[in-house]
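Okay, input_16.txt now, which holds compact mmCIF, C-alpha atoms:
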```
# COMPACT_ATOMS: atom_id res chain seq x y z
CA MET A 1 68.09 -14.02 158.89
CA LYS A 2 67.67 -10.45 157.69
CA ARG A 3 66.67 -9.38 161.19
CA THR A 4 69.86 -10.98 162.61
CA ASN A 5 72.00 -9.18 160.02
CA ILE A 6 70.38 -5.87 160.88
CA LEU A 7 70.99 -6.42 164.59
CA ILE A 8 74.66 -7.29 163.92
CA ALA A 9 75.06 -4.16 161.77
CA VAL A 10 73.50 -1.97 164.48
CA LEU A 11 75.77 -3.54 167.11
CA LEU A 12 78.86 -2.94 164.96
CA LEU A 13 77.89 0.70 164.42
CA PHE A 14 77.38 1.14 168.16
CA LEU A 15 80.77 -0.38 168.96
CA LEU A 16 82.52 1.76 166.35
CA SER A 17 80.80 4.87 167.65
CA ALA A 18 81.71 4.03 171.25
CA ARG A 19 85.29 3.35 170.22
CA GLY A 20 85.48 6.74 168.48
CA GLN A 21 84.08 8.52 171.52
CA LEU A 22 86.56 6.80 173.83
CA ASN A 23 89.38 8.30 171.77
CA GLU A 24 88.00 11.81 172.28
CA ARG A 25 89.63 12.93 175.50
CA VAL A 26 91.74 15.83 176.65
CA GLY A 27 95.37 15.61 175.66
CA LYS A 28 98.28 15.25 178.05
CA SER A 29 101.08 17.63 177.21
CA PRO A 30 104.45 16.22 176.07
CA TRP A 31 105.93 19.37 177.64
CA GLY A 32 105.00 18.29 181.15
CA PRO A 33 102.12 18.30 183.66
CA GLU A 34 102.29 22.07 184.23
CA ASP A 35 102.22 23.07 180.56
CA GLU A 36 99.62 25.74 179.73
CA ILE A 37 100.51 26.79 176.17
CA GLY A 38 100.50 23.54 174.18
CA THR A 39 102.16 23.62 170.79
CA LEU A 40 103.44 27.17 171.30
CA ASN A 41 106.23 25.38 173.18
CA MET A 42 107.61 24.62 169.71
CA MET A 43 108.93 28.19 169.59
CA THR A 44 112.51 28.69 170.75
CA GLU A 45 114.89 31.63 170.71
CA ALA A 46 116.70 29.93 167.84
CA SER A 47 113.53 29.37 165.78
CA LYS A 48 112.45 32.98 166.25
CA LEU A 49 115.87 34.32 165.33
CA GLN A 50 115.96 32.15 162.22
CA VAL A 51 112.70 33.65 160.97
CA LEU A 52 113.67 37.23 161.82
CA SER A 53 117.02 36.82 160.05
CA LYS A 54 115.19 36.27 156.75
CA ILE A 55 113.41 39.62 156.82
CA SER A 56 114.78 41.96 154.16
CA THR A 57 111.97 44.53 153.89
CA GLY A 58 110.26 47.08 156.08
CA LYS A 59 106.89 46.30 154.51
CA ALA A 60 104.42 45.06 157.13
CA TYR A 61 100.87 43.77 156.66
CA ASP A 62 98.32 44.40 159.40
CA LEU A 63 96.27 41.21 159.77
CA SER A 64 93.70 42.56 162.22
CA VAL A 65 90.21 43.98 161.71
CA ASP A 66 88.64 47.12 163.17
CA TYR A 67 86.55 47.13 166.34
CA PHE A 68 83.38 49.20 165.98
CA VAL A 69 79.79 49.40 167.19
CA GLY A 70 77.80 46.99 165.05
CA MET A 71 80.75 44.70 164.30
CA PRO A 72 80.00 40.99 163.71
CA SER A 73 79.70 38.63 166.67
CA PHE A 74 77.71 35.61 167.79
CA HIS A 75 74.81 37.68 169.08
CA SER A 76 72.49 34.71 168.58
CA LEU A 77 74.42 32.86 171.31
CA GLY A 78 73.87 35.71 173.75
CA ASP A 79 77.36 37.16 173.39
CA PRO A 80 77.46 40.85 174.33
CA ALA A 81 77.89 43.28 171.47
CA TYR A 82 80.83 45.65 171.22
CA GLN A 83 80.09 48.92 173.01
CA TYR A 84 82.03 52.18 172.97
CA TRP A 85 81.31 55.36 174.90
CA LEU A 86 82.99 58.58 175.90
CA THR A 87 83.75 58.98 179.58
CA HIS A 88 85.10 62.52 179.24
CA THR A 89 84.70 65.18 176.55
CA PRO A 90 86.32 68.61 176.23
CA HIS A 91 82.98 70.35 176.80
CA GLY A 92 82.00 68.13 179.73
CA THR A 93 85.42 68.61 181.31
CA ILE A 94 84.87 72.37 181.35
CA VAL A 95 81.50 71.98 183.08
CA ASP A 96 82.36 69.15 185.48
CA ASN A 97 86.00 70.07 186.21
CA PRO A 98 86.84 66.45 187.21
CA ASN A 99 90.58 67.08 187.26
CA SER A 100 90.24 70.24 189.40
CA LEU A 101 92.16 72.31 186.88
CA GLY A 102 89.43 74.92 186.58
CA GLU A 103 87.47 76.31 183.64
CA VAL A 104 90.33 78.36 182.18
CA MET A 105 92.80 75.46 182.04
CA ASN A 106 90.20 72.97 180.80
CA LYS A 107 89.30 75.32 177.95
CA LYS A 108 92.96 75.52 176.95
CA VAL A 109 93.80 71.80 177.34
CA SER A 110 91.14 69.53 175.81
CA TYR A 111 90.61 66.22 177.57
CA THR A 112 88.86 63.23 175.98
CA GLY A 113 88.51 59.79 177.57
CA ASP A 114 86.60 56.68 176.53
CA ALA A 115 85.77 53.10 177.46
CA ILE A 116 84.75 49.87 175.78
CA SER A 117 82.81 46.74 176.71
CA MET A 118 83.19 43.60 174.63
CA TYR A 119 83.19 39.83 174.43
CA THR A 120 86.76 38.51 174.40
CA HIS A 121 86.04 36.49 171.24
CA MET A 122 85.28 39.46 169.02
CA GLY A 123 87.34 40.84 166.17
CA THR A 124 90.82 39.47 165.59
CA HIS A 125 91.53 37.32 168.64
CA ILE A 126 93.23 34.15 169.78
CA ASP A 127 91.44 31.31 171.54
CA ALA A 128 93.18 30.18 174.72
CA LEU A 129 93.36 26.48 175.58
CA ASN A 130 90.66 26.78 178.25
CA HIS A 131 88.04 27.88 175.71
CA PHE A 132 86.84 24.33 174.95
CA GLY A 133 87.18 21.12 176.93
CA LEU A 134 85.94 17.55 177.22
CA ASP A 135 84.23 15.81 180.12
CA GLY A 136 84.90 18.64 182.56
CA LYS A 137 88.60 18.99 181.73
CA ILE A 138 90.68 21.20 179.47
CA TRP A 139 94.10 20.68 177.84
CA ASN A 140 96.59 18.75 179.97
CA GLY A 141 93.88 17.41 182.25
CA PHE A 142 93.17 20.57 184.23
CA SER A 143 89.68 20.14 185.72
CA GLN A 144 87.03 22.78 186.15
CA GLU A 145 86.44 21.62 189.74
CA GLU A 146 89.99 22.46 190.71
CA TYR A 147 90.98 25.31 188.42
CA LEU A 148 87.86 27.29 187.39
CA GLY A 149 87.05 30.14 189.76
CA ASP A 150 84.45 32.91 189.57
CA LYS A 151 87.11 35.21 188.11
CA GLY A 152 88.36 32.88 185.39
CA TRP A 153 90.55 29.83 184.93
CA LYS A 154 93.61 29.37 187.11
CA LYS A 155 95.27 27.48 184.26
CA THR A 156 95.79 28.21 180.53
CA GLY A 157 94.32 31.71 180.78
CA ALA A 158 95.06 34.25 178.06
CA GLU A 159 97.78 35.78 180.23
CA THR A 160 99.91 32.67 179.65
CA ILE A 161 100.05 33.12 175.85
CA PRO A 162 103.56 34.27 174.91
CA PRO A 163 104.45 36.70 172.11
CA ILE A 164 104.51 34.70 168.89
CA ILE A 165 107.29 34.91 166.28
CA ALA A 166 107.34 32.18 163.66
CA ARG A 167 107.25 31.40 159.97
CA GLY A 168 103.80 32.17 158.65
CA VAL A 169 102.19 30.62 155.58
CA LEU A 170 99.03 31.82 153.86
CA LEU A 171 96.88 29.10 152.32
CA ASP A 172 94.67 31.03 149.91
CA VAL A 173 91.83 28.54 149.51
CA LYS A 174 89.52 31.19 148.04
CA ASP A 175 92.05 31.91 145.28
CA ALA A 176 92.75 28.22 144.62
CA LYS A 177 89.11 27.12 144.42
CA GLY A 178 87.22 30.31 143.60
CA PRO A 179 84.23 31.51 145.67
CA LEU A 180 83.41 28.90 148.29
CA PRO A 181 79.89 27.43 148.47
CA HIS A 182 77.63 28.40 151.37
CA ASN A 183 78.90 26.97 154.68
CA TYR A 184 81.64 25.12 152.81
CA HIS A 185 83.87 22.69 154.75
CA ILE A 186 87.49 23.07 153.66
CA THR A 187 89.19 19.69 153.22
CA SER A 188 92.79 18.56 153.32
CA GLN A 189 92.63 18.24 149.52
CA ASP A 190 91.71 21.92 149.30
CA LEU A 191 94.75 22.83 151.40
CA LYS A 192 97.01 20.67 149.24
CA LEU A 193 95.57 22.35 146.14
CA ALA A 194 96.39 25.80 147.55
CA LEU A 195 99.93 24.70 148.47
CA LYS A 196 100.51 23.31 144.98
CA LYS A 197 99.20 26.43 143.26
CA GLN A 198 101.35 28.65 145.47
CA GLY A 199 104.44 26.46 145.10
CA MET A 200 104.72 26.18 148.89
CA GLU A 201 105.59 23.53 151.44
CA LEU A 202 104.70 23.50 155.11
CA LYS A 203 107.28 23.03 157.84
CA GLN A 204 106.97 21.82 161.40
CA GLY A 205 106.29 24.75 163.73
CA ASP A 206 104.60 26.92 161.09
CA VAL A 207 101.75 29.35 161.66
CA VAL A 208 99.18 28.52 158.97
CA LEU A 209 96.58 31.13 158.00
CA ILE A 210 93.61 30.09 155.85
CA ARG A 211 91.79 32.53 153.59
CA THR A 212 88.12 31.86 152.86
CA GLY A 213 87.46 35.37 151.56
CA GLN A 214 84.96 36.18 154.32
CA ALA A 215 86.98 39.21 155.47
CA GLN A 216 85.73 41.05 152.38
CA PHE A 217 82.34 41.26 154.07
CA TYR A 218 83.48 41.99 157.62
CA LYS A 219 82.10 45.53 157.74
CA ASN A 220 78.68 44.27 156.65
CA ALA A 221 77.67 42.19 159.66
CA SER A 222 74.46 40.77 158.17
CA HIS A 223 76.35 39.50 155.11
CA TYR A 224 79.31 38.26 157.15
CA LEU A 225 77.05 36.36 159.57
CA ASN A 226 74.98 34.77 156.80
CA ASN A 227 77.70 32.34 155.72
CA TYR A 228 80.04 30.09 157.72
CA PRO A 229 82.63 28.55 155.40
CA GLY A 230 85.61 27.23 157.30
CA ILE A 231 87.94 24.36 157.93
CA GLY A 232 86.73 20.82 158.49
CA LEU A 233 87.99 18.16 160.88
CA ASP A 234 89.77 16.22 158.14
CA ALA A 235 91.82 19.30 157.21
CA VAL A 236 92.90 20.22 160.74
CA LYS A 237 93.90 16.63 161.46
CA TRP A 238 96.11 16.69 158.36
CA LEU A 239 97.69 19.98 159.46
CA VAL A 240 98.28 18.93 163.07
CA GLU A 241 99.04 15.23 162.85
CA GLU A 242 100.89 15.11 159.52
CA GLN A 243 102.36 18.59 159.07
CA GLY A 244 103.15 19.47 162.69
CA ILE A 245 101.90 23.05 162.54
CA MET A 246 102.15 25.16 165.70
CA LEU A 247 99.32 27.67 165.32
CA LEU A 248 96.32 28.16 163.02
CA GLY A 249 94.22 31.09 161.91
CA ALA A 250 91.51 32.08 159.44
CA ASP A 251 89.54 35.09 158.24
CA ASN A 252 86.06 33.83 159.14
CA LEU A 253 83.95 34.24 162.27
CA SER A 254 84.50 30.88 163.92
CA PHE A 255 87.53 29.30 162.21
CA GLU A 256 85.67 26.05 161.54
CA ALA A 257 82.65 25.61 159.28
CA PHE A 258 79.06 25.37 160.48
CA PRO A 259 77.05 23.24 160.62
CA PRO A 260 79.24 20.15 161.25
CA GLU A 261 79.69 17.65 158.40
CA ARG A 262 77.62 15.07 160.27
CA GLU A 263 74.98 15.42 162.93
CA ASP A 264 76.81 12.82 165.04
CA ASN A 265 80.07 14.80 164.87
CA TRP A 266 79.47 16.13 168.35
CA VAL A 267 83.10 17.05 169.05
CA PRO A 268 83.86 20.18 167.00
CA VAL A 269 87.15 21.34 165.50
CA HIS A 270 87.49 23.73 168.45
CA THR A 271 87.56 20.84 170.91
CA TYR A 272 89.88 18.70 168.81
CA LEU A 273 92.44 21.51 168.55
CA LEU A 274 92.23 23.12 172.00
CA ALA A 275 91.38 20.24 174.32
CA GLU A 276 92.87 17.24 172.53
CA LYS A 277 95.92 18.65 170.74
CA GLY A 278 96.81 21.86 172.60
CA VAL A 279 96.75 23.91 169.38
CA MET A 280 95.50 27.49 169.64
CA PHE A 281 94.08 29.42 166.71
CA ILE A 282 93.22 32.96 165.66
CA GLU A 283 89.85 33.99 164.29
CA GLN A 284 88.63 36.91 162.16
CA LEU A 285 91.94 37.76 160.56
CA PHE A 286 92.27 40.22 157.67
CA LEU A 287 94.12 38.39 154.89
CA GLU A 288 93.00 40.34 151.82
CA GLU A 289 96.18 42.35 151.32
CA LEU A 290 98.39 39.26 151.63
CA SER A 291 96.26 37.57 148.98
CA LYS A 292 96.22 40.60 146.69
CA ASN A 293 100.02 40.84 146.72
CA LYS A 294 100.54 37.05 146.69
CA VAL A 295 102.54 37.11 149.91
CA TYR A 296 102.45 33.48 150.96
CA GLU A 297 105.47 33.25 153.29
CA PHE A 298 106.27 35.75 156.01
CA ALA A 299 107.45 36.37 159.53
CA PHE A 300 104.34 36.16 161.68
CA ILE A 301 104.62 38.42 164.74
CA ALA A 302 101.79 38.84 167.25
CA ALA A 303 100.95 39.32 170.89
CA SER A 304 97.65 39.27 172.73
CA LEU A 305 96.43 41.14 175.78
CA LYS A 306 97.31 39.42 179.06
CA LEU A 307 93.75 38.96 180.31
CA ARG A 308 94.15 36.84 183.41
CA GLY A 309 92.03 33.67 183.36
CA ALA A 310 90.28 34.60 180.11
CA SER A 311 89.37 32.11 177.38
CA GLY A 312 90.47 34.41 174.59
CA SER A 313 92.11 37.76 173.94
CA PRO A 314 92.27 40.43 171.22
CA MET A 315 95.37 40.19 169.06
CA ARG A 316 97.00 42.38 166.42
CA PRO A 317 99.20 40.20 164.22
CA ILE A 318 101.51 41.51 161.52
CA ALA A 319 103.14 39.75 158.59
CA ILE A 320 106.55 40.78 157.20
CA PRO A 321 107.49 39.10 153.90
CA LEU A 322 110.55 36.86 154.00
CA ASN A 323 113.47 36.73 151.61
CA THR A 324 113.21 33.01 150.85
CA ARG A 325 116.54 32.99 148.99
CA LYS A 326 118.47 33.54 152.24
```
Would you mind writing the file's structure down as structure tokens?
Amino acid sequence: MKRTNILIAVLLLFLLSARGQLNERVGKSPWGPEDEIGTLNMMTEASKLQVLSKISTGKAYDLSVDYFVGMPSFHSLGDPAYQYWLTHTPHGTIVDNPNSLGEVMNKKVSYTGDAISMYTHMGTHIDALNHFGLDGKIWNGFSQEEYLGDKGWKKTGAETIPPIIARGVLLDVKDAKGPLPHNYHITSQDLKLALKKQGMELKQGDVVLIRTGQAQFYKNASHYLNNYPGIGLDAVKWLVEEQGIMLLGADNLSFEAFPPEREDNWVPVHTYLLAEKGVMFIEQLFLEELSKNKVYEFAFIAASLKLRGASGSPMRPIAIPLNTRK
């Protein structure tokens, strides 16, 4: 009898697991079969103007981090490190005369040039919808067989991401809960706690930025890379499915927490947001000044580089506090 009960329990677990996996598939866009920007379609000229009309200060907060040799990245995954080098220097220009201006002119007019090499998912950047997929497809059913070339994706590349202007909300989880435990998974209850403490409410179409406090350690790569607190699947589902947010962001390396809550949680937050829901997000933000000055509501303004076919792009967002009494 016990053996039969065990077999029934195993069968039920298998069926539940299979049912859950069947629900994990790329999302079809409500904005049509050619949509490449997902929930960013929620922005309109009217929504942007409404946010901008509430600005009553010239104070702007830079939400991006510096790029420098030795900056944090997923080196363990084989990602290339950030590299910077000079291509021209005033002294070398005098000797080499590359611009054919001659020694006299090159001594008078100093010429410096430089170059960089980097992974597109370094520093403050936005993940495009082609970054993660399911079963060979990305958001809106675009397949790798049809749309992935040697020079990048033909659909949902970083060049399709429009300039973003929307109401931004900081959820200061670090302030609400105190220092987060190692590799802590932020829950929906944590987000509700932060909202309650800040006296805030979310609105459909918001840009929600989550502070874990990790940005304090950004310039110390070994410290920054030794801890992966971030958002959990429960929390992002609450934000997307119940609150209707448009865009997400956080101050940690990978947005979500590692390792996953369960070993069998094989579909990460990245895939849920990008492939299933068409929601992009920004990683490695600098949110310390917003937190310090208790700026929880602001006009979020940002644009990324138009890297054709790329799965992500550097971004420099700014936050301008809103006059909420307007």
Discussion item. Just the number, please: distance in Å from atom CA of A:Ser313 to atom CA of A:Thr271, one decimal.
Written reply: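 Rounded to one decimal, the two atoms are 17.8 Å apart.
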Worksheet item: For the atom pair atom CA of A:Asn252 and atom CA of A:Arg211, what is the interatomic distance in Å to one decimal place?
Response: 8.1 Å
Item to complete: Determine the nearest neighbour of A:Ile37 from the options A:Lys155, A:Lys292, A:Lys177, A:Arg308, counting only C-alpha atoms.
Response: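 The shortest atom-to-atom distance to A:Ile37 comes from A:Lys155.
Each of A:Val169, A:Met315, A:Leu101, A:Leu322 was compared to A:Gln204 using all atoms listed in the file, and A:Val169 turns out to be the nearest.
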Worksheet item: Pick from A:Ala221, A:Val240, A:Val173, A:Ala128: nearest to A:Gly312, with all atoms listed in the file counted?
Response: A:Ala128
Fill in: Nearest to A:His131, chosen from A:Leu305, A:Val279, A:Leu287, A:Leu248, with only C-alpha atoms counted in the distances
A:Val279
Output as lines of an AutoDock Vina configuration file the centre and edge lengths (Å, one decimal) of the box along x, y and z of the file that holds every listed atom of stretch 45-58 of chain A after adding 6 Å on each side.
```
center_x = 113.6
center_y = 38.2
center_z = 162.3
size_x = 18.8
size_y = 29.7
size_z = 28.8
```
Item to complete: Find the spatial neighbours of stretch 79-87 of chain A, counting only C-alpha atoms, within a cut-off of 10 Å - ignore same-chain residues fewer than 5 positions away - and output them as a list in words.
Response: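 Here the answer would be Tyr67, Phe68, Val69, Gly70, Met71, Pro72, Ser73, Phe74, Gly92, Thr93, Thr112, Gly113, Asp114, Ala115, Ile116, Ser117, Met118, Tyr119, Thr120, His121, Met122 and Gly123 of chain A.
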Practice prompt. Please provide as a PyMOL selection string all residues within 8 Å of stretch 38-52 of chain A, with the sequence filter that same-chain residues fewer than 2 positions apart are discarded (counting all atoms listed in the file).
Written response: chain A and resi 29+31+35-36+54-55+129+139+162+164-167+205+246-247+277-280+299+322
Worksheet item: Interatomic distance between atom CA of A:Asn183 and atom CA of A:Glu288?
Response: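 If I compute the distance from atom CA of A:Asn183 to atom CA of A:Glu288, I get 19.6 Å.
Closest to A:Gln214 among A:Phe300, A:Lys196, A:Thr324, A:Val65 is A:Val65, based on only C-alpha atoms.
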Set the distance at 8 Å and use only C-alpha atoms: which residues neighbour A:Gly309 once local chain neighbours fewer than 3 positions away are removed? I'd like the list as a PDB file with C-alpha atoms, in the frame of the given file.
```
ATOM      1  CA  LYS A 151      87.110  35.210 188.110  1.00  0.00           C
ATOM      2  CA  GLY A 152      88.360  32.880 185.390  1.00  0.00           C
ATOM      3  CA  TRP A 153      90.550  29.830 184.930  1.00  0.00           C
ATOM      4  CA  LYS A 154      93.610  29.370 187.110  1.00  0.00           C
ATOM      5  CA  LYS A 155      95.270  27.480 184.260  1.00  0.00           C
ATOM      6  CA  THR A 156      95.790  28.210 180.530  1.00  0.00           C
ATOM      7  CA  GLY A 157      94.320  31.710 180.780  1.00  0.00           C
ATOM      8  CA  ALA A 158      95.060  34.250 178.060  1.00  0.00           C
ATOM      9  CA  GLU A 159      97.780  35.780 180.230  1.00  0.00           C
TER      10      GLU A 159
END
```
Discussion item. Show me, as a PyMOL selection string, the residues that have an atom within 9 Å of A:Val236 when counting all atoms listed in the file, minus same-chain residues fewer than 4 positions from it.
Written reply: chain A and resi 187-188+231-232+240-241+248+269+272-273
Practice prompt. Rank A:Glu103, A:Asp251, A:Asp135, A:Glu145 by their smallest atom-to-atom distance to A:Leu285, using all atoms listed in the file, and report the top residue only.
Written response: A:Asp251
